[in-house]
Every structure is written in C-alpha cells, then in structure tokens.
file target10.txt (compact mmCIF, C-alpha atoms)
# COMPACT_ATOMS: atom_id res chain seq x y z
CA MET A 1422 0.00 0.00 0.00
CA LEU A 1423 2.79 2.39 0.90
CA ILE A 1424 4.58 1.75 -2.40
CA LYS A 1425 1.33 2.32 -4.34
CA LEU A 1426 0.73 5.55 -2.44
CA LEU A 1427 4.25 6.81 -3.17
CA ILE A 1428 3.88 5.96 -6.87
CA THR A 1429 0.52 7.76 -7.02
CA VAL A 1430 1.98 10.87 -5.37
CA LEU A 1431 5.01 10.78 -7.68
CA LEU A 1432 2.86 10.47 -10.80
CA GLY A 1433 0.69 13.35 -9.61
CA PHE A 1434 3.77 15.50 -9.06
CA ILE A 1435 5.12 14.65 -12.52
CA ALA A 1436 1.78 15.55 -14.08
CA GLN A 1437 1.79 18.94 -12.34
CA VAL A 1438 5.34 19.66 -13.49
CA SER A 1439 4.47 18.62 -17.03
CA MET A 1440 1.39 20.86 -17.05
CA ALA A 1441 3.45 23.83 -15.82
CA GLU A 1442 6.00 23.23 -18.57
CA THR A 1443 3.53 22.73 -21.43
CA ALA A 1444 0.81 25.27 -20.54
CA LYS A 1445 0.60 28.04 -23.11
CA PRO A 1446 0.84 31.61 -21.77
CA GLU A 1447 -2.52 32.55 -23.30
CA ASP A 1448 -4.09 29.56 -21.53
CA VAL A 1449 -2.70 30.80 -18.21
CA ILE A 1450 -4.29 34.23 -18.75
CA SER A 1451 -7.58 32.72 -19.90
CA SER A 1452 -7.74 30.42 -16.88
CA ILE A 1453 -6.84 33.00 -14.24
CA THR A 1454 -9.19 35.68 -15.58
CA GLN A 1455 -12.10 33.24 -15.60
CA GLU A 1456 -11.26 32.10 -12.08
CA ILE A 1457 -11.23 35.71 -10.88
CA ILE A 1458 -14.56 36.49 -12.57
CA ASN A 1459 -16.12 33.39 -11.01
CA GLU A 1460 -14.77 34.35 -7.60
CA ILE A 1461 -16.25 37.85 -7.87
CA LYS A 1462 -19.63 36.44 -8.92
CA SER A 1463 -19.71 34.19 -5.87
CA LYS A 1464 -18.62 36.87 -3.37
CA PRO A 1465 -20.65 40.13 -3.39
CA ASP A 1466 -18.19 41.90 -1.07
CA LEU A 1467 -15.56 41.69 -3.82
CA ALA A 1468 -17.76 43.49 -6.34
CA SER A 1469 -18.53 46.13 -3.70
CA GLY A 1470 -14.82 46.98 -3.50
CA ASN A 1471 -14.04 45.59 -0.05
CA LEU A 1472 -10.25 46.00 0.17
CA GLY A 1473 -9.79 43.13 2.61
CA SER A 1474 -11.58 40.71 0.31
CA ILE A 1475 -9.78 42.04 -2.76
CA ASN A 1476 -6.47 41.63 -0.97
CA GLN A 1477 -7.30 37.99 -0.25
CA LEU A 1478 -8.30 37.46 -3.89
CA VAL A 1479 -4.99 38.95 -5.09
CA ASP A 1480 -3.03 36.69 -2.73
CA LYS A 1481 -4.99 33.63 -3.78
CA LYS A 1482 -5.28 34.09 -7.54
CA VAL A 1483 -2.94 36.80 -8.82
CA MET A 1484 0.30 36.60 -6.82
CA PRO A 1485 1.05 32.95 -7.76
CA ILE A 1486 1.28 33.88 -11.46
CA LEU A 1487 2.95 37.26 -10.93
CA ASP A 1488 6.71 37.84 -10.86
CA PHE A 1489 6.24 40.77 -8.52
CA GLU A 1490 9.90 41.17 -7.65
CA LYS A 1491 10.76 41.62 -11.34
CA MET A 1492 7.83 44.01 -11.78
CA THR A 1493 8.95 46.14 -8.83
CA SER A 1494 12.60 46.12 -9.89
CA LEU A 1495 11.68 47.27 -13.40
CA ALA A 1496 9.47 50.03 -12.00
CA VAL A 1497 12.21 51.28 -9.67
CA GLY A 1498 14.89 51.09 -12.36
CA LYS A 1499 18.67 50.86 -11.99
CA GLU A 1500 18.57 51.99 -8.34
CA TRP A 1501 16.99 48.65 -7.45
CA ARG A 1502 20.39 46.94 -7.74
CA SER A 1503 21.91 49.16 -5.03
CA ALA A 1504 18.96 48.84 -2.63
CA THR A 1505 19.33 46.71 0.49
CA GLU A 1506 17.19 43.60 1.01
CA SER A 1507 15.18 45.51 3.61
CA GLN A 1508 14.55 48.35 1.15
CA LYS A 1509 13.56 45.90 -1.60
CA ASN A 1510 11.06 44.18 0.69
CA SER A 1511 9.62 47.55 1.74
CA LEU A 1512 9.37 48.67 -1.88
CA MET A 1513 7.51 45.52 -2.90
CA LYS A 1514 5.14 45.92 0.05
CA VAL A 1515 4.21 49.56 -0.60
CA PHE A 1516 4.13 49.14 -4.40
CA ARG A 1517 1.77 46.19 -4.08
CA GLN A 1518 -0.50 48.25 -1.85
CA LEU A 1519 -0.39 51.15 -4.32
CA LEU A 1520 -1.51 48.92 -7.19
CA LEU A 1521 -4.21 47.38 -5.04
CA LEU A 1522 -5.62 50.77 -4.03
CA THR A 1523 -5.31 52.23 -7.53
CA TYR A 1524 -7.05 49.43 -9.41
CA SER A 1525 -9.46 48.02 -6.81
CA GLY A 1526 -12.27 50.25 -8.08
CA SER A 1527 -12.29 48.54 -11.46
CA ILE A 1528 -13.13 45.17 -9.91
CA LYS A 1529 -16.82 46.09 -9.67
CA PHE A 1530 -17.07 45.77 -13.47
CA ALA A 1531 -15.31 42.39 -13.59
CA GLU A 1532 -18.43 40.35 -12.86
CA GLN A 1533 -19.92 41.40 -16.22
CA ALA A 1534 -16.65 41.28 -18.13
CA LYS A 1535 -15.96 39.07 -21.11
CA VAL A 1536 -12.32 38.40 -21.94
CA GLN A 1537 -11.21 37.59 -25.47
CA ILE A 1538 -7.73 36.15 -25.88
CA LEU A 1539 -6.27 37.30 -29.20
CA PRO A 1540 -4.28 34.92 -31.43
CA PRO A 1541 -0.62 34.71 -30.30
CA ARG A 1542 2.23 36.06 -32.39
CA GLY A 1543 5.90 35.21 -32.40
CA LYS A 1544 7.75 31.94 -32.02
CA ARG A 1545 6.20 29.33 -29.75
CA ASN A 1546 9.55 28.67 -28.02
CA ASP A 1547 9.98 32.30 -26.94
CA LYS A 1548 10.77 32.66 -23.23
CA ASN A 1549 9.24 36.15 -23.14
CA VAL A 1550 5.87 36.79 -24.78
CA VAL A 1551 3.06 39.34 -24.89
CA VAL A 1552 -0.44 37.95 -24.48
CA LYS A 1553 -3.04 40.29 -25.95
CA THR A 1554 -6.64 40.41 -24.77
CA ARG A 1555 -9.78 42.48 -25.20
CA VAL A 1556 -12.01 43.00 -22.19
CA SER A 1557 -15.58 44.06 -22.84
CA VAL A 1558 -18.30 45.15 -20.39
CA PRO A 1559 -21.92 45.82 -21.44
CA GLY A 1560 -22.41 49.48 -22.32
CA ARG A 1561 -18.67 50.20 -22.51
CA GLN A 1562 -16.09 50.12 -25.26
CA ALA A 1563 -13.82 47.08 -25.26
CA VAL A 1564 -10.50 47.72 -23.53
CA PRO A 1565 -7.22 46.19 -24.75
CA ILE A 1566 -5.24 44.65 -21.88
CA ASN A 1567 -1.93 43.00 -22.74
CA TYR A 1568 0.40 41.01 -20.51
CA ARG A 1569 4.16 40.61 -20.66
CA MET A 1570 5.05 37.11 -19.49
CA LYS A 1571 8.18 35.03 -19.07
CA ILE A 1572 8.70 31.33 -18.55
CA THR A 1573 10.13 30.27 -15.19
CA GLU A 1574 10.67 27.00 -13.33
CA ASP A 1575 7.13 27.42 -11.97
CA GLY A 1576 5.53 28.10 -15.35
CA TRP A 1577 4.54 31.36 -17.04
CA LYS A 1578 4.63 34.50 -14.91
CA ILE A 1579 3.30 38.02 -15.58
CA TYR A 1580 5.74 40.88 -14.99
CA ASP A 1581 4.01 43.82 -16.73
CA LEU A 1582 0.67 44.77 -18.20
CA ASN A 1583 -0.61 47.29 -20.70
CA VAL A 1584 -3.99 49.00 -20.42
CA LEU A 1585 -5.13 51.26 -23.29
CA GLY A 1586 -1.61 51.43 -24.72
CA LEU A 1587 0.19 52.32 -21.47
CA TRP A 1588 2.61 49.85 -19.90
CA LEU A 1589 2.25 49.87 -16.12
CA VAL A 1590 5.95 49.42 -15.33
CA GLU A 1591 7.08 52.17 -17.70
CA ASN A 1592 4.47 54.54 -16.30
CA TYR A 1593 5.64 54.05 -12.72
CA ARG A 1594 9.33 54.05 -13.66
CA VAL A 1595 8.98 57.61 -14.94
CA GLN A 1596 7.35 58.69 -11.69
CA PHE A 1597 9.69 56.75 -9.41
CA SER A 1598 12.93 57.83 -11.11
CA GLN A 1599 12.20 61.47 -10.38
CA ILE A 1600 11.65 60.72 -6.70
CA VAL A 1601 14.69 58.43 -6.37
CA SER A 1602 16.99 60.97 -8.01
CA SER A 1603 16.08 63.61 -5.44
CA LYS A 1604 15.18 61.60 -2.32
CA GLY A 1605 16.79 58.19 -2.75
CA ILE A 1606 15.23 54.76 -2.17
CA ASP A 1607 14.02 55.56 1.35
CA GLY A 1608 12.41 58.72 0.01
CA LEU A 1609 10.60 56.69 -2.64
CA ILE A 1610 9.30 54.24 -0.03
CA GLU A 1611 8.06 57.15 2.07
CA GLU A 1612 6.39 58.85 -0.92
CA ILE A 1613 4.56 55.68 -1.99
CA ASN A 1614 3.48 55.02 1.59
CA GLU A 1615 2.09 58.54 1.92
CA LYS A 1616 0.17 58.14 -1.33
CA ASN A 1617 -1.23 54.85 -0.08
CA LEU A 1618 -2.46 56.53 3.10
CA LYS A 1619 -4.22 59.20 1.05
CA LEU A 1620 -5.83 56.60 -1.24
CA THR A 1621 -6.93 54.55 1.78
CA SER A 1622 -8.45 57.61 3.41
CA LYS A 1623 -10.23 58.50 0.17
CA SER A 1624 -11.65 54.99 -0.26
CA ASN A 1625 -12.97 55.01 3.31
CA SER A 1626 -14.64 58.43 3.02

call {"tool": "encode", "arguments": {"input": "target10.txt", "output": "structure tokens"}}
result
Amino acid sequence: MLIKLLITVLLGFIAQVSMAETAKPEDVISSITQEIINEIKSKPDLASGNLGSINQLVDKKVMPILDFEKMTSLAVGKEWRSATESQKNSLMKVFRQLLLLTYSGSIKFAEQAKVQILPPRGKRNDKNVVVKTRVSVPGRQAVPINYRMKITEDGWKIYDLNVLGLWLVENYRVQFSQIVSSKGIDGLIEEINEKNLKLTSKSNS
C-alpha cells in the first residue's frame, strides 16, 4: 500500500510539473481571468470593492502567477540593484498596496466582463511573450489589456501589463525615477506610503 501511495503521489507531481511546462501563456491568462470572474460572482463583497476581500483574492489568484519582484525592480529602475534587502522588501510591500488601491475600483465591473484572448504572435519557443486580450463590459467600449510574461521553473509569470496602450511598469518608472533621483530609495518608499495613506483615506470616506 505504501509503495502504491508513493507511486501515485510521484505520478501526480510529474503531471503537475508537465502541465506547468507545457501550458501556453494565453491559456494561463484565460484560466486565471475566468477564475477571478467566477470568484467575484460568488462573493458580493468583492464586487462592492471591499479591500480586505480584494487583498485575499490577489493573494490567492494573482500573486502565484505574478513575478512581482521583477515588476517592482523594473518600475524602480537601476537603483533597485543598489537597494538593500530591507529596502527591496519595503518597496515591494508599498508598491503592491499602491496597485491594489489604484485598481481596486475597477473590480466592480469584472463580474460582467468578457475576456477575449487574441491569437498569439511570435515563435512558440519564446521565453518572453506578450499575451493580448480584449475586455468588454456591457455598455462600454472594449478595452485592450496586454500582458508581458516570461517562462520560469514554476511556469509562465506576468511581470508587466498594458492598459489602453500604457505599460504599467514604464508609467511608474517615470514617476519613481524622479523621486529616487532627489530623495533616494528611502524617500521613494516614504512617498509611496504617503500616497497609499491618502488613497486609503479617500476609499474610506
């Protein structure tokens, strides 16, 4: 019995590894977006914009397929390399909160959203790809949302996204570079934290 159990566990592990290796990036996006929409439909407090519930949803569904360290490092720019581990951890924490507060309002439309995955371009063995989608909501014009993804040991990971032609990382890098050049890394952490406090206060008012 023990040997059979070990074999079953091993085969299950191999199947998971194989799936991670063979999954197409567009399939990853399709799957996760549908999972998020289903989650929102089943939990009214998500659609109402409850930050605690949204935070749990992000941890559960989004973070596992997000290379957030790479995203943060690209947003901070070259100064990331000279930052201490403590500063890097603080930057990831406040940047994550900034994104959560900035985009949490859009989640109320997600329940009605329909996501169309556009045909992929480029070579199928590329390690970095852009997955293009169109998100439509009744009564609103379809919005193009594209994802930059790279293959890792854990499968495909998102490290940037583009909404209406604007790449998120590039947008924040412009803002952050100005702050870092005048106030340094600690100054950037403080600035983002202050903005988060203002956004939190605004959302609670």

call {"tool": "residues_around", "arguments": {"input": "target10.txt", "residues": "Ser1507 of chain A", "least_positions_apart": "4", "cutoff": "12 Å", "atoms": "all atoms listed in the file", "output": "PDB file with C-alpha atoms, in the coordinates of the input"}}
result
ATOM      1  CA  TRP A1501      16.990  48.650  -7.450  1.00  0.00           C
ATOM      2  CA  SER A1503      21.910  49.160  -5.030  1.00  0.00           C
ATOM      3  CA  SER A1511       9.620  47.550   1.740  1.00  0.00           C
ATOM      4  CA  LEU A1512       9.370  48.670  -1.880  1.00  0.00           C
ATOM      5  CA  MET A1513       7.510  45.520  -2.900  1.00  0.00           C
ATOM      6  CA  LYS A1514       5.140  45.920   0.050  1.00  0.00           C
ATOM      7  CA  ILE A1606      15.230  54.760  -2.170  1.00  0.00           C
ATOM      8  CA  ASP A1607      14.020  55.560   1.350  1.00  0.00           C
ATOM      9  CA  ILE A1610       9.300  54.240  -0.030  1.00  0.00           C
TER      10      ILE A1610
END

call {"tool": "atom_distance", "arguments": {"input": "target10.txt", "atom1": "atom CA of Asp1581 of chain A", "atom2": "atom CA of Ile1566 of chain A"}}
result
10.6 Å

call {"tool": "closest_residue", "arguments": {"input": "target10.txt", "among": "A:Ser1598, A:Asn1625, A:Gln1533, A:Asn1617", "to": "Lys1462 of chain A", "atoms": "all atoms listed in the file"}}
result
A:Gln1533

call {"tool": "residues_near_point", "arguments": {"input": "target10.txt", "point": "(-0.9, 38.1, -9.5)", "cutoff": "12 Å", "atoms": "only C-alpha atoms", "output": "ChimeraX atom specification"}}
result
/A:1449-1450,1453-1454,1457,1475-1490,1492,1517,1520-1521,1568,1570,1577-1582

call {"tool": "closest_residue", "arguments": {"input": "target10.txt", "among": "A:Ile1528, A:Val1550, A:Leu1585, A:Ala1504", "to": "Ile1572 of chain A", "atoms": "all atoms listed in the file"}}
result
A:Val1550

call {"tool": "closest_residue", "arguments": {"input": "target10.txt", "among": "A:Leu1609, A:Glu1447, A:Leu1495, A:Leu1467", "to": "Glu1532 of chain A", "atoms": "all atoms listed in the file"}}
result
A:Leu1467

call {"tool": "atom_distance", "arguments": {"input": "target10.txt", "atom1": "atom CA of Glu1500 of chain A", "atom2": "atom CA of Val1590 of chain A"}}
result
14.7 Å

call {"tool": "closest_residue", "arguments": {"input": "target10.txt", "among": "A:Glu1591, A:Gly1576, A:Tyr1524, A:Asn1459", "to": "Asn1549 of chain A", "atoms": "only C-alpha atoms"}}
result
A:Gly1576

call {"tool": "atom_distance", "arguments": {"input": "target10.txt", "atom1": "atom CA of Gly1605 of chain A", "atom2": "atom CA of Thr1523 of chain A"}}
result
23.4 Å

call {"tool": "closest_residue", "arguments": {"input": "target10.txt", "among": "A:Val1564, A:Lys1604, A:Glu1574, A:Lys1535", "to": "Gly1586 of chain A", "atoms": "only C-alpha atoms"}}
result
A:Val1564

call {"tool": "build_atoms", "arguments": {"input": "target10.txt", "residues": "segment 1603-1617 of chain A", "atoms": "N, CA and C atoms", "output": "short mmCIF file (atom, residue, chain, number, x, y, z; two decimals), in the coordinates of the input"}}
result
data_model
loop_
_atom_site.label_atom_id
_atom_site.label_comp_id
_atom_site.auth_asym_id
_atom_site.auth_seq_id
_atom_site.Cartn_x
_atom_site.Cartn_y
_atom_site.Cartn_z
N SER A 1603 16.03 62.50 -6.39
CA SER A 1603 16.08 63.61 -5.44
C SER A 1603 16.03 63.18 -3.98
N LYS A 1604 15.39 62.01 -3.71
CA LYS A 1604 15.18 61.60 -2.32
C LYS A 1604 15.74 60.22 -1.98
N GLY A 1605 16.24 59.51 -3.00
CA GLY A 1605 16.79 58.19 -2.75
C GLY A 1605 15.71 57.12 -2.58
N ILE A 1606 16.15 55.90 -2.32
CA ILE A 1606 15.23 54.76 -2.17
C ILE A 1606 14.31 54.95 -0.97
N ASP A 1607 14.86 55.36 0.16
CA ASP A 1607 14.02 55.56 1.35
C ASP A 1607 12.98 56.64 1.11
N GLY A 1608 13.35 57.65 0.35
CA GLY A 1608 12.41 58.72 0.01
C GLY A 1608 11.28 58.20 -0.86
N LEU A 1609 11.62 57.28 -1.78
CA LEU A 1609 10.60 56.69 -2.64
C LEU A 1609 9.62 55.85 -1.82
N ILE A 1610 10.16 55.06 -0.90
CA ILE A 1610 9.30 54.24 -0.03
C ILE A 1610 8.34 55.13 0.75
N GLU A 1611 8.88 56.22 1.28
CA GLU A 1611 8.06 57.15 2.07
C GLU A 1611 6.98 57.80 1.21
N GLU A 1612 7.35 58.20 -0.01
CA GLU A 1612 6.39 58.85 -0.92
C GLU A 1612 5.25 57.90 -1.29
N ILE A 1613 5.60 56.66 -1.62
CA ILE A 1613 4.56 55.68 -1.99
C ILE A 1613 3.66 55.41 -0.80
N ASN A 1614 4.26 55.28 0.38
CA ASN A 1614 3.48 55.02 1.59
C ASN A 1614 2.50 56.15 1.88
N GLU A 1615 2.96 57.39 1.70
CA GLU A 1615 2.09 58.54 1.92
C GLU A 1615 0.93 58.56 0.93
N LYS A 1616 1.23 58.20 -0.32
CA LYS A 1616 0.17 58.14 -1.33
C LYS A 1616 -0.84 57.06 -0.98
N ASN A 1617 -0.34 55.93 -0.48
CA ASN A 1617 -1.23 54.85 -0.08
C ASN A 1617 -2.17 55.28 1.04
#
